[in-house]
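Undergrad: Supplied in structure tokens, the structure appears directly below.
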Amino acid sequence: MKAAIVKQFKEPLVIEESARPTPAADEVLLQIAACGVCHSDLHLAEGDWPQMMKIVKTPLILGHEVVGQIIEKGAAVTQLEIGERVGVAWIHYACGACELCLEGNENLCPKQQITGATVDGGFAELMKAKASHVIKVPAALTSEEAAPLFCAGVTVYRAIKKARIHSGQRVAIFGIGGLGHLAVQIAQSSGAQVIAIDVNDEKLAFAQALGATHCINATTEKTVQRMASLGGAHLCIVTSAAKAAYDAAFYSLRPGGAIAVVGLPAEPLTFPAIAMVGREAHIYASAVGTRQDVRDVLEMAAQGKLQCQIETRPLEQVNEIFAEMRAGKISGRMVLKL
Ligand code: NAD
Ligand code: ZN
Ligand code: ZN
């Protein structure tokens, strides 16, 4: 099978023939139709997260927004049929038996496997996946539309769900990229007044078209002052990988407001305790989502309440996509069409 492989971190991916994966008894083999390219794939390829690098395999096939058709299944797989269309998310496998899994937080399972990180992912023609963790794709969605929901969509869905926002509250989304443009739509459908912050005017125009009531360009405007004039945010969701976005988000909160840590800069975040306490700032993180979160976000999209803006490209262009992502030039999500 053809695959884009990380042979060495910080080097371009190598596109070449790779061995056909053989599914184990509890696995299925997918003929991949589409795989979204997430900024986390770029962080992994660049070795941005030292702690993660200890568990990442090499050589590695990236890609954790995968949709494909089951073409083979292991002897123990009874609940899925050959020909079914399913997707695979970042959480490749969770044990189902540990304290966190039993509490409904399988996204935090210490025994988890991660698609396109600890096991090979979807930048390839074929991929094996755990039958217990693939998720059926609603017929109303094309494979290309559905793929980004398996990471970008589910991540912002969970981050917003956890905030329990009320109608009319001001929600600021920092970063209107793959995750951010979906966050604008989900926050708006939760009744929030959405404020979009990015460093690119085209992305801000896109956010406005999606319903953001205010847009702030962080390179040409004073974000914190603009946010203060709007009354401050009840919730800041940072989906940018820039630490500068967190610094601005923190001071954009109204007293009692919350920051959702979603974007993953390589550097540590630093917030002064006195400023946190003075305004009783809440800081919480959100990690992708559970299988139920994925089903919920797929259903939202199937009902027409959420739409990922996509552009499809062949696998051979993955290094060009990474270059465009590094330069912040991608609007919505790039999806590899296999
Ligand atoms: P993306 O590249 O599509 O979008 C990032 C956006 O941030 C771009 O629109 C860019 O213009 C904007 N940006 C850059 N600097 C900014 C600044 N200073 N202020 C405001 N906006 C700025 O990336 P993506 O695929 O949406 O991923 C975003 C981040 O989320 C990455 O760090 C990724 O690793 C992380 N992520 C986290 C989770 C999780 O579970 N928490 C899941 C998926 C992705
Ligand atoms: Zn991702
Ligand atoms: Zn577990």
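Starting from 1 in every chain, residues are counted up; chains themselves are A, B, ... following the order of the structure tokens, and ligands are numbered from 1 as listed.
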Step one, run DSSP on the backbone; step two, keep only residues of segment 75-272 of chain A assigned to helix (DSSP H, G or I); then write them as a count of residues only.
TA: 65
Undergrad: Could you list the protein, DNA and RNA residues that have any atom within 6 Å of ligand 1, counting only C-alpha atoms and all ligand atoms, and write them as a PDB file with C-alpha atoms, in the first residue's frame?
TA:
ATOM      1  CA  CYS A  38      -4.651  18.154  11.752  1.00  0.00           C
ATOM      2  CA  HIS A  39      -2.150  20.623  13.196  1.00  0.00           C
ATOM      3  CA  SER A  40      -1.339  17.862  15.729  1.00  0.00           C
ATOM      4  CA  CYS A 151     -10.595  15.123  15.678  1.00  0.00           C
ATOM      5  CA  ALA A 152     -11.227  18.807  14.933  1.00  0.00           C
ATOM      6  CA  THR A 155     -12.388  18.239  20.214  1.00  0.00           C
ATOM      7  CA  PHE A 174      -8.748  32.287  19.494  1.00  0.00           C
ATOM      8  CA  GLY A 175      -7.617  30.712  16.191  1.00  0.00           C
ATOM      9  CA  ILE A 176     -10.061  30.224  13.323  1.00  0.00           C
ATOM     10  CA  GLY A 177      -8.370  27.236  11.724  1.00  0.00           C
ATOM     11  CA  GLY A 178      -9.506  23.623  11.389  1.00  0.00           C
ATOM     12  CA  LEU A 179     -10.751  23.432  14.985  1.00  0.00           C
ATOM     13  CA  GLY A 180     -11.670  27.091  15.373  1.00  0.00           C
ATOM     14  CA  ILE A 197      -9.656  36.265  17.023  1.00  0.00           C
ATOM     15  CA  ASP A 198      -7.000  35.318  14.467  1.00  0.00           C
ATOM     16  CA  VAL A 199      -3.946  36.825  12.794  1.00  0.00           C
ATOM     17  CA  ASN A 200      -5.376  36.524   9.297  1.00  0.00           C
ATOM     18  CA  ALA A 218      -4.411  40.057  16.852  1.00  0.00           C
ATOM     19  CA  THR A 239      -7.513  26.613  19.408  1.00  0.00           C
ATOM     20  CA  SER A 240      -4.319  28.280  18.253  1.00  0.00           C
ATOM     21  CA  ALA A 241      -0.911  26.689  18.728  1.00  0.00           C
ATOM     22  CA  ALA A 242       0.562  30.131  19.543  1.00  0.00           C
ATOM     23  CA  ALA A 244       0.645  34.545  22.386  1.00  0.00           C
ATOM     24  CA  ALA A 245      -2.999  33.539  21.887  1.00  0.00           C
ATOM     25  CA  VAL A 262      -7.193  23.181  23.430  1.00  0.00           C
ATOM     26  CA  GLY A 263      -4.357  24.403  21.176  1.00  0.00           C
ATOM     27  CA  LEU A 264      -0.980  22.912  22.029  1.00  0.00           C
ATOM     28  CA  PRO A 265       2.029  25.245  21.841  1.00  0.00           C
ATOM     29  CA  SER A 286     -10.062  19.396  26.977  1.00  0.00           C
ATOM     30  CA  ALA A 287      -8.614  16.323  25.250  1.00  0.00           C
ATOM     31  CA  VAL A 288     -10.256  15.221  21.986  1.00  0.00           C
ATOM     32  CA  MET A 325      -0.197  24.894   7.631  1.00  0.00           C
ATOM     33  CA  GLY A 328      -1.064  29.661   8.539  1.00  0.00           C
TER      34      GLY A 328
END
Undergrad: One decimal, in Å: what's the spacing between atom CA of Gly211 of chain A and atom CA of Val238 of chain A?
TA: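 That distance, rounded to one decimal, is 18.1 Å.
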Undergrad: Would you please extract all strand (DSSP E or B) residues from segment 3-238 of chain A, as assigned by DSSP on the backbone, and give them as an MDAnalysis selection string?
TA: chainID A and resid 3:6 14:17 27:36 60:61 66:73 85:88 91:93 113:115 119 124 126:130 135:136 170:174 193:198 214:217 233:238
Undergrad: Ligand 3: which residues are within 7 Å, counting only C-alpha atoms and all ligand atoms, as a PyMOL selection string?
TA: chain A and resi 94-101+106+109-112
Undergrad: Restrict the selected residues to C-alpha atoms and save them as a PDB file, in the first residue's frame.
TA:
ATOM      1  CA  ALA A  94      -9.061   2.577  25.460  1.00  0.00           C
ATOM      2  CA  CYS A  95      -9.166  -0.363  27.872  1.00  0.00           C
ATOM      3  CA  GLY A  96     -12.790  -0.014  28.976  1.00  0.00           C
ATOM      4  CA  ALA A  97     -11.957  -1.395  32.425  1.00  0.00           C
ATOM      5  CA  CYS A  98      -9.878   1.231  34.251  1.00  0.00           C
ATOM      6  CA  GLU A  99     -11.260   3.833  36.639  1.00  0.00           C
ATOM      7  CA  LEU A 100     -11.275   6.575  33.980  1.00  0.00           C
ATOM      8  CA  CYS A 101     -12.928   4.414  31.327  1.00  0.00           C
ATOM      9  CA  GLU A 106     -12.113   6.957  28.013  1.00  0.00           C
ATOM     10  CA  CYS A 109      -7.472   6.117  29.738  1.00  0.00           C
ATOM     11  CA  PRO A 110      -3.840   5.492  30.746  1.00  0.00           C
ATOM     12  CA  LYS A 111      -3.768   2.399  28.535  1.00  0.00           C
ATOM     13  CA  GLN A 112      -4.941   4.254  25.432  1.00  0.00           C
TER      14      GLN A 112
END
